[in-house]
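Undergrad: Have a peek at input.tsv (TSV, C-alpha atoms and all ligand atoms).
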```tsv
chain	number	residue	atom	x	y	z
V	1	MET	CA	67.25	11.76	1.86
V	2	ALA	CA	66.24	11.88	5.49
V	3	THR	CA	65.10	8.62	7.08
V	4	GLU	CA	61.34	8.45	7.18
V	5	PRO	CA	59.53	7.32	10.30
V	6	LYS	CA	58.70	3.60	10.11
V	7	LYS	CA	55.43	2.91	8.32
V	8	VAL	CA	52.67	0.81	9.87
V	9	LEU	CA	49.86	-0.26	7.54
V	10	CYS	CA	46.83	-0.37	9.85
V	11	ILE	CA	44.05	-2.63	8.54
V	12	HIS	CA	41.21	-1.96	10.99
V	13	ASP	CA	37.74	-0.46	10.97
V	14	LEU	CA	37.10	3.24	11.48
V	15	SER	CA	34.42	3.67	14.14
V	16	GLY	CA	33.47	7.34	14.38
V	17	ALA	CA	32.42	7.43	18.03
V	18	GLY	CA	33.37	5.08	20.84
V	19	ARG	CA	37.20	5.32	20.99
V	20	CYS	CA	38.32	2.12	19.33
V	21	SER	CA	40.18	0.79	16.33
V	22	LEU	CA	41.67	3.42	13.95
V	23	SER	CA	40.43	6.36	16.05
V	24	VAL	CA	42.72	5.13	18.84
V	25	ILE	CA	45.49	3.48	16.84
V	26	LEU	CA	46.37	6.42	14.56
V	27	PRO	CA	47.05	9.01	17.30
V	28	VAL	CA	48.95	6.48	19.42
V	29	LEU	CA	51.30	5.39	16.63
V	30	ALA	CA	51.81	8.99	15.48
V	31	VAL	CA	52.73	10.27	18.95
V	32	MET	CA	55.16	7.36	19.31
V	33	GLY	CA	57.04	8.66	16.26
V	34	LEU	CA	55.74	6.18	13.68
V	35	GLN	CA	53.90	6.78	10.43
V	36	PRO	CA	50.52	5.06	10.42
V	37	ILE	CA	48.91	4.36	7.05
V	38	ALA	CA	45.19	3.86	7.61
V	39	LEU	CA	43.38	1.21	5.59
V	40	PRO	CA	39.80	1.16	6.91
V	41	THR	CA	38.12	-2.21	6.48
V	42	MET	CA	34.71	-0.81	7.33
V	43	LEU	CA	33.30	2.56	8.31
V	44	LEU	CA	30.97	2.43	11.28
V	45	SER	CA	29.27	5.25	13.13
V	46	THR	CA	30.24	3.50	16.40
V	47	HIS	CA	31.65	0.16	17.49
V	48	THR	CA	29.23	-2.73	17.89
V	49	GLY	CA	29.49	-2.94	21.69
V	50	GLY	CA	26.27	-1.55	23.10
V	51	LEU	CA	25.60	1.74	21.28
V	52	GLY	CA	22.78	0.43	19.10
V	53	GLN	CA	22.91	-0.50	15.42
V	54	PRO	CA	25.78	1.46	13.83
V	55	ALA	CA	25.63	2.80	10.27
V	56	ARG	CA	28.10	0.68	8.26
V	57	LEU	CA	29.95	0.84	4.99
V	58	ASP	CA	31.99	-2.19	3.92
V	59	CYS	CA	35.28	-0.91	2.42
V	60	GLU	CA	36.53	-4.13	0.85
V	61	ALA	CA	36.52	-2.79	-2.73
V	62	TYR	CA	38.17	0.44	-1.58
V	63	GLY	CA	40.76	-1.62	0.33
V	64	ARG	CA	41.69	-3.66	-2.76
V	65	ALA	CA	42.18	-0.46	-4.78
V	66	ALA	CA	44.18	1.16	-1.98
V	67	LEU	CA	46.52	-1.85	-1.70
V	68	GLU	CA	47.08	-1.75	-5.46
V	69	HIS	CA	47.82	1.98	-5.30
V	70	TYR	CA	50.36	1.54	-2.49
V	71	ARG	CA	52.01	-1.32	-4.40
V	72	ALA	CA	52.25	0.79	-7.56
V	73	LEU	CA	53.69	3.69	-5.54
V	74	GLY	CA	56.43	1.41	-4.22
V	75	LEU	CA	55.36	2.12	-0.67
V	76	VAL	CA	56.74	-0.60	1.62
V	77	PRO	CA	55.33	-0.86	5.16
V	78	ASP	CA	57.69	-1.91	7.95
V	79	CYS	CA	54.77	-3.47	9.79
V	80	ILE	CA	51.23	-4.57	8.93
V	81	TYR	CA	48.84	-4.37	11.87
V	82	VAL	CA	45.49	-6.09	11.36
V	83	GLY	CA	42.45	-5.84	13.62
V	84	TYR	CA	38.67	-5.85	13.15
V	85	LEU	CA	37.72	-7.49	9.83
V	86	GLY	CA	34.17	-8.75	10.23
V	87	THR	CA	33.63	-10.53	6.87
V	88	GLU	CA	35.42	-13.35	5.06
V	89	ALA	CA	36.31	-11.05	2.14
V	90	LEU	CA	37.98	-8.60	4.54
V	91	VAL	CA	40.10	-11.41	5.99
V	92	ASP	CA	41.19	-12.14	2.40
V	93	LEU	CA	42.06	-8.47	1.97
V	94	ALA	CA	44.39	-8.60	4.99
V	95	ALA	CA	45.94	-11.84	3.67
V	96	GLU	CA	46.60	-10.08	0.36
V	97	ALA	CA	48.50	-7.31	2.18
V	98	PHE	CA	50.64	-10.01	3.84
V	99	ARG	CA	51.39	-11.48	0.41
V	100	LEU	CA	52.30	-8.09	-1.07
V	101	TRP	CA	54.82	-7.21	1.67
V	102	PRO	CA	56.30	-10.45	3.03
V	103	GLU	CA	59.18	-8.60	4.73
V	104	ALA	CA	56.86	-6.51	6.93
V	105	VAL	CA	56.38	-7.51	10.57
V	106	LYS	CA	52.88	-9.00	10.49
V	107	VAL	CA	50.76	-8.47	13.61
V	108	VAL	CA	47.21	-9.76	13.98
V	109	ASP	CA	44.89	-8.74	16.76
V	110	PRO	CA	42.13	-11.31	16.08
V	111	VAL	CA	39.35	-8.90	17.10
V	112	MET	CA	36.28	-11.15	17.15
V	113	ALA	CA	35.12	-11.76	20.73
V	114	ASP	CA	35.25	-10.63	24.33
V	115	GLY	CA	33.67	-11.41	27.68
V	116	GLY	CA	33.11	-15.08	26.72
V	117	LYS	CA	31.25	-14.49	23.44
V	118	PRO	CA	31.90	-13.63	19.78
V	119	TYR	CA	31.03	-10.13	18.51
V	120	SER	CA	27.98	-9.88	16.28
V	121	GLY	CA	28.56	-11.13	12.74
V	122	PHE	CA	31.49	-13.39	13.63
V	123	THR	CA	30.23	-16.65	12.15
V	124	PRO	CA	32.23	-19.89	12.48
V	125	ALA	CA	33.43	-19.36	8.88
V	126	VAL	CA	34.83	-15.89	9.65
V	127	ILE	CA	36.43	-17.21	12.85
V	128	GLU	CA	38.10	-20.05	10.90
V	129	LYS	CA	39.53	-17.57	8.39
V	130	VAL	CA	40.82	-15.31	11.17
V	131	ARG	CA	42.56	-18.39	12.61
V	132	SER	CA	44.30	-18.99	9.25
V	133	LEU	CA	45.32	-15.34	9.08
V	134	CYS	CA	46.86	-15.69	12.56
V	135	ALA	CA	48.91	-18.60	11.23
V	136	ALA	CA	50.49	-16.20	8.70
V	137	ALA	CA	51.37	-13.62	11.39
V	138	ASP	CA	54.63	-13.02	13.27
V	139	LEU	CA	52.77	-11.88	16.38
V	140	ILE	CA	49.17	-12.31	17.55
V	141	LEU	CA	47.43	-10.37	20.31
V	142	PRO	CA	44.23	-12.21	21.34
V	143	ASN	CA	42.29	-11.49	24.51
V	144	LEU	CA	41.29	-14.47	26.66
V	145	THR	CA	38.05	-15.20	24.77
V	146	GLU	CA	39.79	-14.92	21.39
V	147	ALA	CA	42.62	-17.17	22.61
V	148	ARG	CA	40.07	-19.83	23.49
V	149	LEU	CA	38.28	-19.44	20.16
V	150	LEU	CA	41.60	-19.84	18.34
V	151	LEU	CA	42.36	-22.99	20.31
V	152	GLY	CA	38.84	-24.39	19.85
V	153	GLN	CA	38.23	-24.35	23.63
V	154	ASP	CA	35.14	-23.69	25.74
V	155	LEU	CA	34.49	-19.92	25.87
V	156	ALA	CA	32.97	-19.77	29.37
V	157	LEU	CA	34.96	-17.34	31.49
V	158	PRO	CA	36.89	-18.90	34.37
V	159	ALA	CA	35.24	-18.66	37.79
V	160	GLU	CA	38.64	-18.79	39.53
V	161	PRO	CA	41.51	-16.39	38.88
V	162	ILE	CA	44.01	-17.62	36.30
V	163	THR	CA	47.35	-18.61	37.81
V	164	GLN	CA	50.74	-17.58	36.46
V	165	GLU	CA	51.32	-21.16	35.23
V	166	GLN	CA	47.94	-21.32	33.45
V	167	ALA	CA	48.63	-17.94	31.81
V	168	LEU	CA	52.04	-19.10	30.54
V	169	ASP	CA	50.54	-22.39	29.37
V	170	LEU	CA	47.77	-20.63	27.41
V	171	ALA	CA	50.30	-18.39	25.66
V	172	ALA	CA	52.56	-21.38	24.93
V	173	GLN	CA	49.67	-23.33	23.37
V	174	LEU	CA	49.03	-20.42	20.99
V	175	THR	CA	52.55	-20.69	19.57
V	176	ARG	CA	51.15	-23.68	17.65
V	177	ILE	CA	49.36	-21.00	15.61
V	178	ALA	CA	51.81	-18.05	15.43
V	179	GLY	CA	55.47	-17.59	16.33
V	180	ARG	CA	54.99	-14.91	18.99
V	181	VAL	CA	51.95	-14.36	21.17
V	182	VAL	CA	50.66	-11.98	23.83
V	183	VAL	CA	47.34	-12.98	25.44
V	184	THR	CA	45.64	-10.03	27.13
V	185	GLY	CA	42.92	-9.42	29.70
V	186	LEU	CA	43.67	-12.40	31.98
V	187	PRO	CA	41.77	-12.17	35.29
V	188	MET	CA	44.41	-12.84	37.95
V	189	GLY	CA	42.64	-11.97	41.22
V	190	LYS	CA	43.58	-8.41	42.23
V	191	PHE	CA	45.44	-8.10	38.94
V	192	VAL	CA	44.76	-8.21	35.25
V	193	GLY	CA	47.54	-9.85	33.35
V	194	CYS	CA	48.92	-10.58	29.95
V	195	ALA	CA	51.12	-13.53	29.08
V	196	GLY	CA	53.67	-13.82	26.32
V	197	ALA	CA	55.32	-16.71	24.52
V	198	GLY	CA	57.54	-17.23	21.54
V	199	ASP	CA	60.70	-15.56	22.82
V	200	GLU	CA	61.13	-15.56	26.56
V	201	PRO	CA	57.85	-16.47	28.22
V	202	PHE	CA	56.54	-13.71	30.51
V	203	VAL	CA	53.58	-12.58	32.55
V	204	VAL	CA	52.92	-8.89	33.16
V	205	ARG	CA	50.37	-7.91	35.81
V	206	HIS	CA	48.71	-4.59	36.58
V	207	LEU	CA	46.15	-3.72	39.23
V	208	HIS	CA	42.73	-4.85	38.11
V	209	ILE	CA	40.24	-2.02	37.77
V	210	ASP	CA	36.67	-3.03	38.05
V	211	ARG	CA	35.37	-1.50	34.78
V	212	SER	CA	35.64	-2.71	31.23
V	213	PHE	CA	35.75	-0.55	28.10
V	214	PRO	CA	35.75	-1.11	24.35
V	215	GLY	CA	38.94	-0.19	22.51
V	216	THR	CA	41.44	-1.04	25.24
V	217	GLY	CA	42.74	-3.94	23.12
V	218	ASP	CA	43.38	-1.50	20.28
V	219	LEU	CA	45.18	0.89	22.62
V	220	PHE	CA	47.25	-2.03	23.90
V	221	GLY	CA	48.07	-3.33	20.41
V	222	ALA	CA	49.14	0.04	19.04
V	223	ILE	CA	51.49	0.66	21.99
V	224	VAL	CA	52.99	-2.85	21.73
V	225	ILE	CA	53.72	-2.23	18.05
V	226	GLY	CA	55.05	1.29	18.63
V	227	SER	CA	57.31	0.03	21.37
V	228	LEU	CA	58.57	-3.00	19.37
V	229	LEU	CA	59.33	-0.83	16.33
V	230	ARG	CA	61.31	1.48	18.59
V	231	GLY	CA	63.52	-1.50	19.44
V	232	ASN	CA	62.11	-2.85	22.68
V	233	VAL	CA	61.68	-6.55	23.49
V	234	LEU	CA	58.17	-7.99	23.56
V	235	SER	CA	57.87	-8.20	27.37
V	236	ALA	CA	58.89	-4.53	27.75
V	237	ALA	CA	56.46	-3.53	24.99
V	238	ALA	CA	53.61	-5.44	26.67
V	239	ASP	CA	54.45	-3.93	30.05
V	240	ALA	CA	54.46	-0.40	28.62
V	241	ALA	CA	51.15	-1.04	26.84
V	242	ALA	CA	49.42	-2.62	29.84
V	243	GLY	CA	50.67	0.20	32.08
V	244	PHE	CA	49.31	2.87	29.76
V	245	VAL	CA	45.94	1.13	29.47
V	246	ALA	CA	45.72	0.96	33.28
V	247	GLN	CA	46.54	4.69	33.53
V	248	ALA	CA	43.96	5.55	30.88
V	249	ILE	CA	41.29	3.61	32.78
V	250	GLN	CA	42.27	5.32	36.04
V	251	HIS	CA	42.09	8.67	34.29
V	252	THR	CA	38.51	8.02	33.08
V	253	PRO	CA	36.00	9.45	35.58
V	254	ARG	CA	34.05	6.84	37.51
V	255	ASP	CA	30.76	8.23	36.22
V	256	ALA	CA	31.83	8.25	32.54
V	257	ASP	CA	29.75	6.17	30.11
V	258	THR	CA	32.06	3.18	29.58
V	259	ARG	CA	30.59	2.53	26.12
V	260	PHE	CA	32.55	5.56	24.82
V	261	GLY	CA	35.92	4.11	25.81
V	262	VAL	CA	38.79	5.34	27.94
V	263	TRP	CA	39.78	9.01	28.10
V	264	PHE	CA	43.29	8.43	26.78
V	265	GLU	CA	43.74	11.66	24.80
V	266	PRO	CA	45.27	13.89	27.54
V	267	LEU	CA	47.77	11.11	28.36
V	268	LEU	CA	49.15	10.78	24.81
V	269	PRO	CA	52.24	12.96	25.52
V	270	ARG	CA	53.43	10.22	27.91
V	271	LEU	CA	53.98	7.97	24.86
V	272	ALA	CA	56.19	10.44	22.96
V	273	PRO	CA	59.86	9.48	22.51
V	274	MET	CA	61.99	11.40	25.00
V	275	GLY	CA	65.12	13.26	23.94
V	276	GLU	CA	65.14	11.98	20.37
V	277	LEU	CA	64.04	15.17	18.62
C	1	LIG	O1	37.91	-2.62	19.89
C	1	LIG	C1	37.29	-3.67	19.37
C	1	LIG	C2	36.32	-3.32	18.28
C	1	LIG	C3	36.77	-2.79	17.09
C	1	LIG	N1	35.92	-2.48	16.09
C	1	LIG	C4	34.62	-2.68	16.21
C	1	LIG	C5	34.08	-3.22	17.37
C	1	LIG	C6	34.96	-3.55	18.44
C	1	LIG	C7	34.43	-4.10	19.68
C	1	LIG	O2	33.27	-4.14	19.95
C	1	LIG	O3	32.76	-3.40	17.48
C	1	LIG	C8	33.70	-2.31	15.09
```
Show this structure as structure tokens.
Ligand code: PXL

TA:
Amino acid sequence: MATEPKKVLCIHDLSGAGRCSLSVILPVLAVMGLQPIALPTMLLSTHTGGLGQPARLDCEAYGRAALEHYRALGLVPDCIYVGYLGTEALVDLAAEAFRLWPEAVKVVDPVMADGGKPYSGFTPAVIEKVRSLCAAADLILPNLTEARLLLGQDLALPAEPITQEQALDLAAQLTRIAGRVVVTGLPMGKFVGCAGAGDEPFVVRHLHIDRSFPGTGDLFGAIVIGSLLRGNVLSAAADAAAGFVAQAIQHTPRDADTRFGVWFEPLLPRLAPMGEL
């Protein structure tokens, strides 16, 4: 039998409008030559970042049944990629997937906060459970606010740019929680950086663009995973992901409504494997 593309079980919400979570992750992984398996944790009409009160449907019961079906089918994911959970029961659902497929590469983007504050609904109890889930992961991808929440630090955003040493130190501290770490969205003066720890420590910097969008963490995470599963080292994967996010922001017209995310769709062909077909 032919070798199937690697399977990535994606445990994230599906937000209809607003370019985030599964709506971004599925096309990115597919164009990178992987096989995403979508497990929506929650259906929302939009993300929760400024578009009013979204319609919501909690998919925890569906998720339990879907995991059981995949187990019975003998489907074995190569990677489990977890993002927005939003309730304690949904964190348990993701932990159950980790138990079912211990050999999978387990990646947690602890989606729970940004810009110095937690997202709505992220109570201290949910945050504590997300921290435990991170401890069961091989790789975590927090932004700066999430990194501080995980470390129990003050969430106030830094007034001064973060130095290279501080970035490396933050990533190194997070290896107390998970083996490999990339911290994203670090304000580094003219640059926005991400810092990695666990293998070789690294800092990757790209020109800072003065607009912020929902969903860029999901875009980043999907490209990191796609790139790792195609055999790249973590620093190369993070560089590719940060570069693509910067291009997608640059490609989004200045007068676009930022709440609807970055216009990444026309750039997707840039992520396709070259010369492998
Ligand atoms: O991209 C982060 C994200 C994912 N899912 C939902 C969100 C957000 C950020 O606001 O609200 C539902």

Undergrad: So, counting only C-alpha atoms, which residue among V:Gln164, V:Ser227, V:Thr41, V:Gln35 is closest to Ser21 (chain V)?

TA: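 With only C-alpha atoms as the atom set, the closest residue is V:Thr41.
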
Undergrad: Restricting the calculation to all atoms listed in the file, which member of V:Ala222, V:Ala104, V:Leu29, V:Val126 is positioned closest to ligand LIG 1 (chain C)?

TA: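 Among the listed residues, V:Ala222 lies closest to ligand LIG 1 (chain C).
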
Undergrad: Which residues form the shell of 7 Å around ligand LIG 1 (chain C) when you count all atoms listed in the file, given as a ChimeraX atom specification?

TA: /V:13,15,20-21,44,46-49,84,111,119,214-218

Undergrad: Tell me which of V:Tyr70, V:Phe98, V:Phe122, V:Phe244 sits closest to Cys134 (chain V), counting only C-alpha atoms.

TA: V:Phe98

Undergrad: Would you list the contacts of Gln173 (chain V) as a ChimeraX atom specification, taking every protein, DNA or RNA residue within 10 Å and counting all atoms listed in the file, but skipping same-chain residues closer than 5 positions in sequence?

TA: /V:147,151,168,178,181,197

Undergrad: Just checking: using all atoms listed in the file, which residue out of V:Leu39, V:Ala125, V:Ile162, V:Ala172 ends up closest to Leu93 (chain V)?

TA: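 For Leu93 (chain V), the nearest of the given residues is V:Leu39.
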
Undergrad: Just the residues within 12 Å of region 85-87 of chain V, please, counting all atoms listed in the file, with nothing from its chain fewer than 5 positions along; format it as a CSV table (one decimal) with C-alpha atoms, in the coordinates of the input.

TA:
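Output below, filename part-v3.csv:
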```
chain,number,residue,atom,x,y,z
V,10,CYS,CA,46.8,-0.4,9.8
V,11,ILE,CA,44.0,-2.6,8.5
V,12,HIS,CA,41.2,-2.0,11.0
V,13,ASP,CA,37.7,-0.5,11.0
V,14,LEU,CA,37.1,3.2,11.5
V,21,SER,CA,40.2,0.8,16.3
V,39,LEU,CA,43.4,1.2,5.6
V,40,PRO,CA,39.8,1.2,6.9
V,41,THR,CA,38.1,-2.2,6.5
V,42,MET,CA,34.7,-0.8,7.3
V,43,LEU,CA,33.3,2.6,8.3
V,44,LEU,CA,31.0,2.4,11.3
V,47,HIS,CA,31.6,0.2,17.5
V,48,THR,CA,29.2,-2.7,17.9
V,56,ARG,CA,28.1,0.7,8.3
V,57,LEU,CA,30.0,0.8,5.0
V,58,ASP,CA,32.0,-2.2,3.9
V,59,CYS,CA,35.3,-0.9,2.4
V,60,GLU,CA,36.5,-4.1,0.8
V,63,GLY,CA,40.8,-1.6,0.3
V,92,ASP,CA,41.2,-12.1,2.4
V,93,LEU,CA,42.1,-8.5,2.0
V,94,ALA,CA,44.4,-8.6,5.0
V,95,ALA,CA,45.9,-11.8,3.7
V,108,VAL,CA,47.2,-9.8,14.0
V,109,ASP,CA,44.9,-8.7,16.8
V,110,PRO,CA,42.1,-11.3,16.1
V,111,VAL,CA,39.4,-8.9,17.1
V,112,MET,CA,36.3,-11.2,17.2
V,113,ALA,CA,35.1,-11.8,20.7
V,118,PRO,CA,31.9,-13.6,19.8
V,119,TYR,CA,31.0,-10.1,18.5
V,120,SER,CA,28.0,-9.9,16.3
V,121,GLY,CA,28.6,-11.1,12.7
V,122,PHE,CA,31.5,-13.4,13.6
V,123,THR,CA,30.2,-16.6,12.2
V,124,PRO,CA,32.2,-19.9,12.5
V,125,ALA,CA,33.4,-19.4,8.9
V,126,VAL,CA,34.8,-15.9,9.6
V,127,ILE,CA,36.4,-17.2,12.8
V,128,GLU,CA,38.1,-20.0,10.9
V,129,LYS,CA,39.5,-17.6,8.4
V,130,VAL,CA,40.8,-15.3,11.2
V,133,LEU,CA,45.3,-15.3,9.1
```

Undergrad: Which value, in Å to one decimal, gives the distance between CA of Ala89 (chain V) and CA of Gly179 (chain V)?

TA: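 Result for CA of Ala89 (chain V) versus CA of Gly179 (chain V): 24.7 Å, one decimal.
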
Undergrad: Take the point (34.1, -16.0, 24.3) as written in the file and pick out every residue within 8 Å of it, counting all atoms listed in the file; give the list as a compact mmCIF listing (two decimals) with C-alpha atoms, keeping the file's coordinate frame.

TA:
```txt
# COMPACT_ATOMS: atom_id res chain seq x y z
CA ALA V 113 35.12 -11.76 20.73
CA ASP V 114 35.25 -10.63 24.33
CA GLY V 115 33.67 -11.41 27.68
CA GLY V 116 33.11 -15.08 26.72
CA LYS V 117 31.25 -14.49 23.44
CA PRO V 118 31.90 -13.63 19.78
CA LEU V 144 41.29 -14.47 26.66
CA THR V 145 38.05 -15.20 24.77
CA GLU V 146 39.79 -14.92 21.39
CA ARG V 148 40.07 -19.83 23.49
CA LEU V 149 38.28 -19.44 20.16
CA ASP V 154 35.14 -23.69 25.74
CA LEU V 155 34.49 -19.92 25.87
CA ALA V 156 32.97 -19.77 29.37
CA LEU V 157 34.96 -17.34 31.49
```

Undergrad: Need to verify the contact set: Arg71 (chain V), 10 Å, all atoms listed in the file, exclusion of same-chain residues closer than 4 positions in sequence. Can you return it as a ChimeraX atom specification?

TA: /V:65-67,75-76,97,100-101

Undergrad: Could you jot down the CA of Leu271 (chain V) to CA of Val28 (chain V) separation for me, Å, one decimal place?

TA: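 We find that CA of Leu271 (chain V) and CA of Val28 (chain V) lie 7.6 Å from each other.
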
Undergrad: Just give me the gap between CA of Pro253 (chain V) and CA of Gly18 (chain V) in Å, one decimal is fine.

TA: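 Separation of CA of Pro253 (chain V) and CA of Gly18 (chain V): 15.6 Å.
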